[in-house]
>>> print(open('run_10.cif').read())   # mmCIF, N, CA and C atoms
data_start
#
loop_
_atom_site.label_atom_id
_atom_site.label_comp_id
_atom_site.auth_asym_id
_atom_site.auth_seq_id
_atom_site.Cartn_x
_atom_site.Cartn_y
_atom_site.Cartn_z
N MET A 21 0.84 -1.19 0.00
CA MET A 21 0.00 0.00 0.00
C MET A 21 0.88 1.24 0.00
N THR A 22 0.35 2.29 -0.60
CA THR A 22 1.09 3.54 -0.61
C THR A 22 0.90 4.26 0.71
N PRO A 23 1.89 5.05 1.14
CA PRO A 23 1.74 5.77 2.41
C PRO A 23 0.63 6.82 2.29
N GLN A 24 -0.07 7.03 3.39
CA GLN A 24 -1.14 8.02 3.40
C GLN A 24 -0.54 9.40 3.54
N VAL A 25 -1.09 10.33 2.79
CA VAL A 25 -0.62 11.71 2.83
C VAL A 25 -1.69 12.54 3.52
N ALA A 26 -1.30 13.25 4.57
CA ALA A 26 -2.26 14.05 5.31
C ALA A 26 -2.61 15.29 4.50
N LEU A 27 -3.87 15.65 4.56
CA LEU A 27 -4.36 16.82 3.85
C LEU A 27 -3.90 18.07 4.60
N ASP A 28 -3.39 19.05 3.87
CA ASP A 28 -2.92 20.30 4.45
C ASP A 28 -4.09 21.26 4.55
N LEU A 29 -4.72 21.30 5.74
CA LEU A 29 -5.92 22.11 5.93
C LEU A 29 -5.62 23.60 5.81
N LYS A 30 -4.42 24.02 6.20
CA LYS A 30 -4.05 25.43 6.06
C LYS A 30 -4.02 25.82 4.59
N ARG A 31 -3.53 24.93 3.77
CA ARG A 31 -3.47 25.20 2.34
C ARG A 31 -4.88 25.27 1.76
N VAL A 32 -5.76 24.39 2.22
CA VAL A 32 -7.14 24.41 1.74
C VAL A 32 -7.81 25.73 2.10
N THR A 33 -7.66 26.15 3.37
CA THR A 33 -8.30 27.40 3.77
C THR A 33 -7.69 28.59 3.03
N ALA A 34 -6.39 28.56 2.79
CA ALA A 34 -5.75 29.64 2.04
C ALA A 34 -6.26 29.68 0.60
N GLU A 35 -6.43 28.52 0.00
CA GLU A 35 -6.92 28.46 -1.38
C GLU A 35 -8.36 28.95 -1.46
N VAL A 36 -9.20 28.57 -0.50
CA VAL A 36 -10.58 29.05 -0.46
C VAL A 36 -10.61 30.56 -0.29
N ALA A 37 -9.77 31.08 0.59
CA ALA A 37 -9.71 32.52 0.81
C ALA A 37 -9.25 33.24 -0.46
N ALA A 38 -8.25 32.69 -1.12
CA ALA A 38 -7.71 33.32 -2.32
C ALA A 38 -8.73 33.31 -3.46
N ARG A 39 -9.41 32.21 -3.64
CA ARG A 39 -10.33 32.08 -4.77
C ARG A 39 -11.70 32.72 -4.51
N HIS A 40 -12.17 32.60 -3.28
CA HIS A 40 -13.55 33.00 -3.00
C HIS A 40 -13.67 34.15 -2.00
N GLY A 41 -12.57 34.57 -1.43
CA GLY A 41 -12.61 35.66 -0.48
C GLY A 41 -13.32 35.30 0.82
N MET A 42 -13.36 34.02 1.15
CA MET A 42 -14.01 33.57 2.38
C MET A 42 -12.96 32.93 3.28
N LEU A 43 -12.98 33.31 4.55
CA LEU A 43 -12.02 32.76 5.50
C LEU A 43 -12.68 31.62 6.26
N LEU A 44 -12.06 30.45 6.20
CA LEU A 44 -12.55 29.28 6.93
C LEU A 44 -11.66 29.07 8.14
N ARG A 45 -12.28 28.84 9.29
CA ARG A 45 -11.52 28.54 10.50
C ARG A 45 -11.40 27.03 10.64
N PRO A 46 -10.45 26.56 11.45
CA PRO A 46 -10.30 25.11 11.64
C PRO A 46 -11.54 24.45 12.23
N ASP A 47 -12.37 25.19 12.96
CA ASP A 47 -13.57 24.59 13.55
C ASP A 47 -14.80 24.83 12.68
N ASP A 48 -14.61 25.33 11.47
CA ASP A 48 -15.71 25.59 10.55
C ASP A 48 -16.31 24.25 10.08
N PRO A 49 -17.63 24.15 9.96
CA PRO A 49 -18.25 22.90 9.49
C PRO A 49 -17.75 22.46 8.11
N ALA A 50 -17.35 23.40 7.28
CA ALA A 50 -16.82 23.03 5.97
C ALA A 50 -15.55 22.21 6.11
N MET A 51 -14.76 22.49 7.13
CA MET A 51 -13.53 21.74 7.34
C MET A 51 -13.85 20.30 7.76
N LEU A 52 -14.97 20.13 8.45
CA LEU A 52 -15.42 18.78 8.79
C LEU A 52 -15.68 17.99 7.52
N LEU A 53 -16.33 18.62 6.55
CA LEU A 53 -16.61 17.96 5.29
C LEU A 53 -15.31 17.61 4.55
N VAL A 54 -14.36 18.52 4.59
CA VAL A 54 -13.08 18.25 3.93
C VAL A 54 -12.40 17.04 4.56
N THR A 55 -12.41 16.99 5.88
CA THR A 55 -11.79 15.85 6.59
C THR A 55 -12.53 14.55 6.29
N MET A 56 -13.86 14.63 6.30
CA MET A 56 -14.64 13.42 5.99
C MET A 56 -14.33 12.94 4.57
N ASN A 57 -14.23 13.85 3.64
CA ASN A 57 -13.93 13.48 2.26
C ASN A 57 -12.54 12.88 2.14
N GLU A 58 -11.59 13.39 2.89
CA GLU A 58 -10.24 12.84 2.88
C GLU A 58 -10.26 11.39 3.36
N VAL A 59 -10.98 11.12 4.43
CA VAL A 59 -11.06 9.75 4.97
C VAL A 59 -11.72 8.82 3.96
N VAL A 60 -12.80 9.28 3.34
CA VAL A 60 -13.49 8.46 2.33
C VAL A 60 -12.56 8.17 1.16
N LEU A 61 -11.84 9.17 0.68
CA LEU A 61 -10.93 8.96 -0.43
C LEU A 61 -9.82 7.97 -0.07
N GLN A 62 -9.31 8.06 1.14
CA GLN A 62 -8.27 7.12 1.55
C GLN A 62 -8.80 5.69 1.57
N GLN A 63 -10.04 5.51 2.02
CA GLN A 63 -10.63 4.17 2.04
C GLN A 63 -10.85 3.65 0.63
N VAL A 64 -11.35 4.50 -0.27
CA VAL A 64 -11.59 4.07 -1.65
C VAL A 64 -10.27 3.69 -2.32
N ILE A 65 -9.26 4.52 -2.14
CA ILE A 65 -7.97 4.23 -2.75
C ILE A 65 -7.39 2.95 -2.16
N GLY A 66 -7.56 2.76 -0.86
CA GLY A 66 -7.08 1.52 -0.23
C GLY A 66 -7.75 0.29 -0.80
N SER A 67 -9.08 0.38 -1.03
CA SER A 67 -9.78 -0.79 -1.59
C SER A 67 -9.37 -1.03 -3.04
N ILE A 68 -9.11 0.05 -3.80
CA ILE A 68 -8.64 -0.11 -5.18
C ILE A 68 -7.27 -0.79 -5.18
N GLU A 69 -6.39 -0.34 -4.30
CA GLU A 69 -5.06 -0.94 -4.22
C GLU A 69 -5.14 -2.41 -3.82
N ALA A 70 -6.00 -2.73 -2.86
CA ALA A 70 -6.15 -4.12 -2.41
C ALA A 70 -6.66 -4.99 -3.54
N ARG A 71 -7.67 -4.52 -4.26
CA ARG A 71 -8.24 -5.30 -5.36
C ARG A 71 -7.21 -5.49 -6.48
N THR A 72 -6.46 -4.45 -6.77
CA THR A 72 -5.44 -4.55 -7.82
C THR A 72 -4.37 -5.54 -7.42
N GLU A 73 -4.00 -5.54 -6.14
CA GLU A 73 -3.00 -6.51 -5.67
C GLU A 73 -3.54 -7.93 -5.80
N GLU A 74 -4.83 -8.14 -5.51
CA GLU A 74 -5.44 -9.45 -5.69
C GLU A 74 -5.36 -9.89 -7.15
N ILE A 75 -5.60 -8.96 -8.06
CA ILE A 75 -5.54 -9.27 -9.49
C ILE A 75 -4.12 -9.65 -9.88
N VAL A 76 -3.14 -8.90 -9.38
CA VAL A 76 -1.74 -9.20 -9.69
C VAL A 76 -1.36 -10.58 -9.17
N VAL A 77 -1.80 -10.90 -7.96
CA VAL A 77 -1.50 -12.22 -7.39
C VAL A 77 -2.14 -13.32 -8.25
N GLY A 78 -3.37 -13.10 -8.70
CA GLY A 78 -4.04 -14.07 -9.56
C GLY A 78 -3.32 -14.26 -10.88
N ILE A 79 -2.86 -13.16 -11.46
CA ILE A 79 -2.11 -13.24 -12.71
C ILE A 79 -0.81 -14.01 -12.50
N GLU A 80 -0.13 -13.70 -11.41
CA GLU A 80 1.12 -14.41 -11.12
C GLU A 80 0.87 -15.90 -10.93
N ALA A 81 -0.20 -16.25 -10.25
CA ALA A 81 -0.53 -17.67 -10.05
C ALA A 81 -0.81 -18.34 -11.40
N GLY A 82 -1.52 -17.63 -12.26
CA GLY A 82 -1.79 -18.17 -13.60
C GLY A 82 -0.52 -18.37 -14.40
N PHE A 83 0.38 -17.41 -14.31
CA PHE A 83 1.66 -17.54 -15.01
C PHE A 83 2.45 -18.73 -14.46
N ARG A 84 2.46 -18.89 -13.15
CA ARG A 84 3.20 -20.01 -12.56
C ARG A 84 2.59 -21.35 -12.98
N SER A 85 1.27 -21.42 -13.05
CA SER A 85 0.61 -22.65 -13.48
C SER A 85 0.97 -22.97 -14.93
N ALA A 86 0.92 -21.97 -15.79
CA ALA A 86 1.28 -22.17 -17.19
C ALA A 86 2.74 -22.58 -17.32
N GLN A 87 3.57 -22.00 -16.48
CA GLN A 87 4.99 -22.33 -16.49
C GLN A 87 5.21 -23.81 -16.15
N ARG A 88 4.51 -24.31 -15.14
CA ARG A 88 4.67 -25.73 -14.75
C ARG A 88 4.21 -26.67 -15.88
N GLU A 89 3.10 -26.35 -16.53
CA GLU A 89 2.61 -27.18 -17.63
C GLU A 89 3.60 -27.21 -18.79
N ALA A 90 4.18 -26.04 -19.11
CA ALA A 90 5.12 -25.97 -20.21
C ALA A 90 6.38 -26.78 -19.92
N LEU A 91 6.85 -26.70 -18.67
CA LEU A 91 8.05 -27.44 -18.31
C LEU A 91 7.84 -28.96 -18.36
N GLY A 92 6.62 -29.41 -18.09
CA GLY A 92 6.35 -30.84 -18.12
C GLY A 92 6.27 -31.41 -19.52
N SER A 93 6.01 -30.58 -20.54
CA SER A 93 5.79 -31.09 -21.89
C SER A 93 6.98 -30.93 -22.83
N ILE A 94 8.06 -30.31 -22.42
CA ILE A 94 9.22 -30.13 -23.30
C ILE A 94 10.49 -30.56 -22.58
N GLU A 95 11.57 -30.65 -23.30
CA GLU A 95 12.83 -31.08 -22.71
C GLU A 95 13.33 -30.09 -21.68
N ARG A 96 14.27 -30.54 -20.86
CA ARG A 96 14.77 -29.74 -19.73
C ARG A 96 15.37 -28.41 -20.19
N LYS A 97 16.21 -28.41 -21.19
CA LYS A 97 16.84 -27.17 -21.64
C LYS A 97 15.80 -26.19 -22.16
N ALA A 98 14.88 -26.68 -22.96
CA ALA A 98 13.83 -25.80 -23.48
C ALA A 98 12.95 -25.30 -22.34
N GLY A 99 12.71 -26.17 -21.35
CA GLY A 99 11.90 -25.78 -20.20
C GLY A 99 12.53 -24.66 -19.40
N VAL A 100 13.85 -24.73 -19.21
CA VAL A 100 14.55 -23.67 -18.47
C VAL A 100 14.43 -22.35 -19.22
N ALA A 101 14.60 -22.38 -20.54
CA ALA A 101 14.51 -21.15 -21.34
C ALA A 101 13.10 -20.56 -21.27
N VAL A 102 12.09 -21.43 -21.36
CA VAL A 102 10.71 -20.95 -21.29
C VAL A 102 10.42 -20.35 -19.92
N ARG A 103 10.88 -21.02 -18.86
CA ARG A 103 10.66 -20.50 -17.51
C ARG A 103 11.28 -19.13 -17.33
N GLU A 104 12.48 -18.92 -17.86
CA GLU A 104 13.12 -17.61 -17.75
C GLU A 104 12.32 -16.54 -18.48
N GLU A 105 11.83 -16.88 -19.65
CA GLU A 105 11.04 -15.90 -20.40
C GLU A 105 9.72 -15.59 -19.68
N ILE A 106 9.10 -16.61 -19.14
CA ILE A 106 7.84 -16.38 -18.42
C ILE A 106 8.10 -15.51 -17.19
N GLN A 107 9.19 -15.76 -16.48
CA GLN A 107 9.50 -14.94 -15.31
C GLN A 107 9.73 -13.49 -15.70
N LYS A 108 10.37 -13.27 -16.84
CA LYS A 108 10.56 -11.90 -17.33
C LYS A 108 9.20 -11.25 -17.60
N ASP A 109 8.29 -12.03 -18.22
CA ASP A 109 6.95 -11.51 -18.49
C ASP A 109 6.20 -11.20 -17.19
N VAL A 110 6.32 -12.07 -16.21
CA VAL A 110 5.68 -11.84 -14.91
C VAL A 110 6.23 -10.56 -14.28
N ASP A 111 7.55 -10.42 -14.30
CA ASP A 111 8.17 -9.22 -13.73
C ASP A 111 7.72 -7.96 -14.47
N ALA A 112 7.69 -8.05 -15.81
CA ALA A 112 7.24 -6.89 -16.60
C ALA A 112 5.77 -6.60 -16.32
N GLY A 113 4.95 -7.64 -16.21
CA GLY A 113 3.52 -7.45 -15.91
C GLY A 113 3.32 -6.85 -14.53
N ARG A 114 4.09 -7.31 -13.56
CA ARG A 114 3.99 -6.77 -12.19
C ARG A 114 4.38 -5.30 -12.19
N LEU A 115 5.46 -4.96 -12.88
CA LEU A 115 5.91 -3.57 -12.95
C LEU A 115 4.85 -2.71 -13.63
N HIS A 116 4.30 -3.21 -14.72
CA HIS A 116 3.27 -2.45 -15.44
C HIS A 116 2.02 -2.28 -14.58
N ALA A 117 1.62 -3.31 -13.87
CA ALA A 117 0.44 -3.22 -13.00
C ALA A 117 0.66 -2.20 -11.89
N ARG A 118 1.83 -2.19 -11.31
CA ARG A 118 2.12 -1.22 -10.25
C ARG A 118 2.14 0.20 -10.80
N GLU A 119 2.69 0.37 -12.01
CA GLU A 119 2.67 1.70 -12.63
C GLU A 119 1.23 2.16 -12.85
N LEU A 120 0.39 1.24 -13.29
CA LEU A 120 -1.02 1.57 -13.50
C LEU A 120 -1.70 1.95 -12.18
N ILE A 121 -1.35 1.26 -11.11
CA ILE A 121 -1.92 1.57 -9.79
C ILE A 121 -1.54 3.00 -9.39
N VAL A 122 -0.28 3.33 -9.58
CA VAL A 122 0.18 4.67 -9.21
C VAL A 122 -0.53 5.73 -10.06
N GLU A 123 -0.63 5.49 -11.38
CA GLU A 123 -1.31 6.44 -12.26
C GLU A 123 -2.78 6.59 -11.87
N LEU A 124 -3.45 5.47 -11.61
CA LEU A 124 -4.85 5.51 -11.22
C LEU A 124 -5.01 6.25 -9.90
N ASN A 125 -4.13 5.98 -8.97
CA ASN A 125 -4.17 6.64 -7.66
C ASN A 125 -4.03 8.16 -7.82
N HIS A 126 -3.06 8.60 -8.62
CA HIS A 126 -2.86 10.04 -8.82
C HIS A 126 -4.06 10.66 -9.52
N ALA A 127 -4.54 10.03 -10.57
CA ALA A 127 -5.65 10.60 -11.33
C ALA A 127 -6.91 10.69 -10.47
N TYR A 128 -7.21 9.63 -9.75
CA TYR A 128 -8.43 9.63 -8.95
C TYR A 128 -8.33 10.62 -7.79
N THR A 129 -7.18 10.67 -7.15
CA THR A 129 -7.01 11.56 -6.00
C THR A 129 -7.20 13.01 -6.41
N ARG A 130 -6.56 13.41 -7.51
CA ARG A 130 -6.66 14.80 -7.94
C ARG A 130 -8.10 15.19 -8.24
N SER A 131 -8.77 14.40 -9.09
CA SER A 131 -10.12 14.79 -9.49
C SER A 131 -11.10 14.67 -8.34
N ALA A 132 -10.96 13.65 -7.52
CA ALA A 132 -11.90 13.47 -6.42
C ALA A 132 -11.73 14.54 -5.35
N VAL A 133 -10.50 14.92 -5.05
CA VAL A 133 -10.27 15.95 -4.04
C VAL A 133 -10.84 17.28 -4.52
N ARG A 134 -10.63 17.59 -5.79
CA ARG A 134 -11.19 18.84 -6.33
C ARG A 134 -12.71 18.82 -6.25
N ARG A 135 -13.29 17.70 -6.61
CA ARG A 135 -14.76 17.58 -6.59
C ARG A 135 -15.28 17.74 -5.16
N TRP A 136 -14.67 17.06 -4.20
CA TRP A 136 -15.15 17.13 -2.81
C TRP A 136 -14.92 18.51 -2.20
N VAL A 137 -13.82 19.14 -2.55
CA VAL A 137 -13.59 20.50 -2.05
C VAL A 137 -14.64 21.44 -2.61
N ALA A 138 -14.96 21.29 -3.90
CA ALA A 138 -15.99 22.13 -4.51
C ALA A 138 -17.34 21.90 -3.84
N ILE A 139 -17.67 20.64 -3.57
CA ILE A 139 -18.93 20.33 -2.89
C ILE A 139 -18.92 20.93 -1.49
N GLY A 140 -17.80 20.83 -0.79
CA GLY A 140 -17.69 21.39 0.55
C GLY A 140 -17.87 22.90 0.53
N VAL A 141 -17.26 23.56 -0.45
CA VAL A 141 -17.38 25.01 -0.54
C VAL A 141 -18.83 25.41 -0.84
N VAL A 142 -19.47 24.69 -1.75
CA VAL A 142 -20.86 24.99 -2.08
C VAL A 142 -21.75 24.76 -0.86
N ALA A 143 -21.53 23.67 -0.15
CA ALA A 143 -22.33 23.40 1.05
C ALA A 143 -22.09 24.46 2.11
N ALA A 144 -20.85 24.86 2.30
CA ALA A 144 -20.54 25.88 3.29
C ALA A 144 -21.19 27.21 2.89
N SER A 145 -21.16 27.54 1.61
CA SER A 145 -21.79 28.77 1.14
C SER A 145 -23.29 28.73 1.39
N GLY A 146 -23.88 27.57 1.12
CA GLY A 146 -25.32 27.42 1.38
C GLY A 146 -25.65 27.60 2.84
N LEU A 147 -24.83 27.04 3.72
CA LEU A 147 -25.05 27.19 5.15
C LEU A 147 -24.88 28.63 5.59
N LEU A 148 -23.91 29.32 4.99
CA LEU A 148 -23.69 30.73 5.31
C LEU A 148 -24.90 31.56 4.90
N VAL A 149 -25.41 31.35 3.70
CA VAL A 149 -26.58 32.09 3.22
C VAL A 149 -27.78 31.78 4.09
N LEU A 150 -27.96 30.52 4.46
CA LEU A 150 -29.07 30.14 5.33
C LEU A 150 -28.95 30.82 6.69
N GLY A 151 -27.74 30.87 7.25
CA GLY A 151 -27.53 31.51 8.54
C GLY A 151 -27.81 33.01 8.48
N VAL A 152 -27.34 33.65 7.43
CA VAL A 152 -27.59 35.09 7.28
C VAL A 152 -29.09 35.34 7.12
N GLY A 153 -29.76 34.51 6.32
CA GLY A 153 -31.20 34.67 6.12
C GLY A 153 -31.97 34.50 7.41
N LEU A 154 -31.60 33.49 8.19
CA LEU A 154 -32.27 33.29 9.48
C LEU A 154 -32.00 34.44 10.43
N GLY A 155 -30.77 34.97 10.40
CA GLY A 155 -30.44 36.11 11.24
C GLY A 155 -31.27 37.33 10.90
N VAL A 156 -31.42 37.59 9.60
CA VAL A 156 -32.24 38.73 9.16
C VAL A 156 -33.68 38.51 9.56
N LEU A 157 -34.20 37.32 9.38
CA LEU A 157 -35.58 37.01 9.72
C LEU A 157 -35.79 37.16 11.23
N LEU A 158 -34.89 36.66 12.04
CA LEU A 158 -35.02 36.81 13.49
C LEU A 158 -34.92 38.27 13.93
N ALA A 159 -34.08 39.03 13.25
CA ALA A 159 -33.95 40.45 13.58
C ALA A 159 -35.27 41.18 13.31
N ARG A 160 -35.94 40.83 12.24
CA ARG A 160 -37.22 41.45 11.92
C ARG A 160 -38.30 41.05 12.90
N VAL A 161 -38.31 39.77 13.28
CA VAL A 161 -39.33 39.24 14.19
C VAL A 161 -39.15 39.83 15.58
N LEU A 162 -37.92 40.00 16.04
CA LEU A 162 -37.66 40.46 17.39
C LEU A 162 -37.76 41.98 17.54
N LYS A 163 -37.96 42.74 16.49
CA LYS A 163 -38.08 44.20 16.57
C LYS A 163 -39.31 44.63 17.24
#
>>> encode(input="run_10.cif", output="structure tokens")
Amino acid sequence: MTPQVALDLKRVTAEVAARHGMLLRPDDPAMLLVTMNEVVLQQVIGSIEARTEEIVVGIEAGFRSAQREALGSIERKAGVAVREEIQKDVDAGRLHARELIVELNHAYTRSAVRRWVAIGVVAASGLLVLGVGLGVLLARVLK
């Protein structure tokens, strides 16, 4: 599994302030959503990595099975050569699968984090508008 990277909440609040002119505090409900989204993303990425590792193990087992059958049906020298080539293919396949995992992890993390941050900002904006509206309404009622 890849190491987990902690989300930089200061950077998130700075980016929100820079783009939208809104200051988020660490105890702001929007930050709760950001943290929840980070945890969900880590779980999803972990399950993708686990499933991909299962697939790699299955492929390796299939290659080993094919290797044993090939060795039983040809002479010893030819069998050794075939086994070496199959091992090279297994190694190349493992390397390619891991590269794909890393690419998938990067692509999914970037797009998903952007999407969840946007949803968090929209939700926080909605809550802010609702709070201001309720404040105005209460001010009118209490006059």
>>> resolve_selection(input="run_10.cif", expression="the PyMOL selection byres (((chain A and resi 63-74 and name CA) around 8) and name CA)", output="list in words")
Met21, Val59, Val60, Leu61, Gln62, Ile75, Val76, Val77, Gly78, Ala117, Ile121 and Asn125 of chain A
>>> write_last_selection(input="run_10.cif", atoms="N, CA and C atoms", output="short mmCIF file (atom, residue, chain, number, x, y, z; two decimals), in the coordinates of the input")
data_model
loop_
_atom_site.label_atom_id
_atom_site.label_comp_id
_atom_site.auth_asym_id
_atom_site.auth_seq_id
_atom_site.Cartn_x
_atom_site.Cartn_y
_atom_site.Cartn_z
N MET A 21 0.84 -1.19 0.00
CA MET A 21 0.00 0.00 0.00
C MET A 21 0.88 1.24 0.00
N VAL A 59 -10.98 11.12 4.43
CA VAL A 59 -11.06 9.75 4.97
C VAL A 59 -11.72 8.82 3.96
N VAL A 60 -12.80 9.28 3.34
CA VAL A 60 -13.49 8.46 2.33
C VAL A 60 -12.56 8.17 1.16
N LEU A 61 -11.84 9.17 0.68
CA LEU A 61 -10.93 8.96 -0.43
C LEU A 61 -9.82 7.97 -0.07
N GLN A 62 -9.31 8.06 1.14
CA GLN A 62 -8.27 7.12 1.55
C GLN A 62 -8.80 5.69 1.57
N ILE A 75 -5.60 -8.96 -8.06
CA ILE A 75 -5.54 -9.27 -9.49
C ILE A 75 -4.12 -9.65 -9.88
N VAL A 76 -3.14 -8.90 -9.38
CA VAL A 76 -1.74 -9.20 -9.69
C VAL A 76 -1.36 -10.58 -9.17
N VAL A 77 -1.80 -10.90 -7.96
CA VAL A 77 -1.50 -12.22 -7.39
C VAL A 77 -2.14 -13.32 -8.25
N GLY A 78 -3.37 -13.10 -8.70
CA GLY A 78 -4.04 -14.07 -9.56
C GLY A 78 -3.32 -14.26 -10.88
N ALA A 117 1.62 -3.31 -13.87
CA ALA A 117 0.44 -3.22 -13.00
C ALA A 117 0.66 -2.20 -11.89
N ILE A 121 -1.35 1.26 -11.11
CA ILE A 121 -1.92 1.57 -9.79
C ILE A 121 -1.54 3.00 -9.39
N ASN A 125 -4.13 5.98 -8.97
CA ASN A 125 -4.17 6.64 -7.66
C ASN A 125 -4.03 8.16 -7.82
#
>>> closest_atom_pairs(input="run_10.cif", of="segment 36-68 of chain A", to="segment 142-156 of chain A", cutoff="8 Å", atoms="only N, CA and C atoms", output="JSON lines")
{"residue": "A:Pro49", "atom": "C", "partner": "A:Ala144", "partner_atom": "CA", "distance": 6.5}
{"residue": "A:Ala50", "atom": "CA", "partner": "A:Ala144", "partner_atom": "CA", "distance": 5.4}
{"residue": "A:Met51", "atom": "N", "partner": "A:Ala144", "partner_atom": "CA", "distance": 7.7}
>>> atom_distance(input="run_10.cif", atom1="atom CA of Ser85 of chain A", atom2="atom CA of Gln107 of chain A")
11.9 Å
>>> closest_residue(input="run_10.cif", among="A:Ala86, A:Val141, A:Glu80, A:Val102", to="Val36 of chain A", atoms="only N, CA and C atoms")
A:Val141
>>> residues_around(input="run_10.cif", residues="segment 127-136 of chain A", least_positions_apart="4", cutoff="7 Å", atoms="only C-alpha atoms", output="list in words")
Asn57, Glu123 and Gly140 of chain A
>>> residues_near_point(input="run_10.cif", point="(-9.0, 20.1, 5.5)", cutoff="7 Å", atoms="all atoms listed in the file", output="number ranges by chain")
A: 27-30, 32-33, 50-55
>>> decode(input="run_10.cif", residues="segment 111-136 of chain A", atoms="C-alpha atoms", output="PDB file, in the first residue's frame")
ATOM      1  CA  ASP A 111       8.167  -9.220 -13.734  1.00  0.00           C
ATOM      2  CA  ALA A 112       7.244  -6.892 -16.598  1.00  0.00           C
ATOM      3  CA  GLY A 113       3.522  -7.453 -15.907  1.00  0.00           C
ATOM      4  CA  ARG A 114       3.991  -6.770 -12.195  1.00  0.00           C
ATOM      5  CA  LEU A 115       5.909  -3.571 -12.949  1.00  0.00           C
ATOM      6  CA  HIS A 116       3.272  -2.447 -15.436  1.00  0.00           C
ATOM      7  CA  ALA A 117       0.439  -3.219 -12.998  1.00  0.00           C
ATOM      8  CA  ARG A 118       2.117  -1.215 -10.250  1.00  0.00           C
ATOM      9  CA  GLU A 119       2.671   1.698 -12.626  1.00  0.00           C
ATOM     10  CA  LEU A 120      -1.025   1.574 -13.496  1.00  0.00           C
ATOM     11  CA  ILE A 121      -1.923   1.574  -9.791  1.00  0.00           C
ATOM     12  CA  VAL A 122       0.176   4.674  -9.214  1.00  0.00           C
ATOM     13  CA  GLU A 123      -1.314   6.440 -12.261  1.00  0.00           C
ATOM     14  CA  LEU A 124      -4.852   5.512 -11.218  1.00  0.00           C
ATOM     15  CA  ASN A 125      -4.168   6.644  -7.660  1.00  0.00           C
ATOM     16  CA  HIS A 126      -2.856  10.036  -8.823  1.00  0.00           C
ATOM     17  CA  ALA A 127      -5.654  10.602 -11.327  1.00  0.00           C
ATOM     18  CA  TYR A 128      -8.431   9.627  -8.946  1.00  0.00           C
ATOM     19  CA  THR A 129      -7.009  11.558  -6.003  1.00  0.00           C
ATOM     20  CA  ARG A 130      -6.656  14.803  -7.943  1.00  0.00           C
ATOM     21  CA  SER A 131     -10.124  14.785  -9.492  1.00  0.00           C
ATOM     22  CA  ALA A 132     -11.900  13.467  -6.415  1.00  0.00           C
ATOM     23  CA  VAL A 133     -10.273  15.954  -4.036  1.00  0.00           C
ATOM     24  CA  ARG A 134     -11.190  18.836  -6.333  1.00  0.00           C
ATOM     25  CA  ARG A 135     -14.758  17.581  -6.590  1.00  0.00           C
ATOM     26  CA  TRP A 136     -15.150  17.132  -2.813  1.00  0.00           C
TER      27      TRP A 136
END
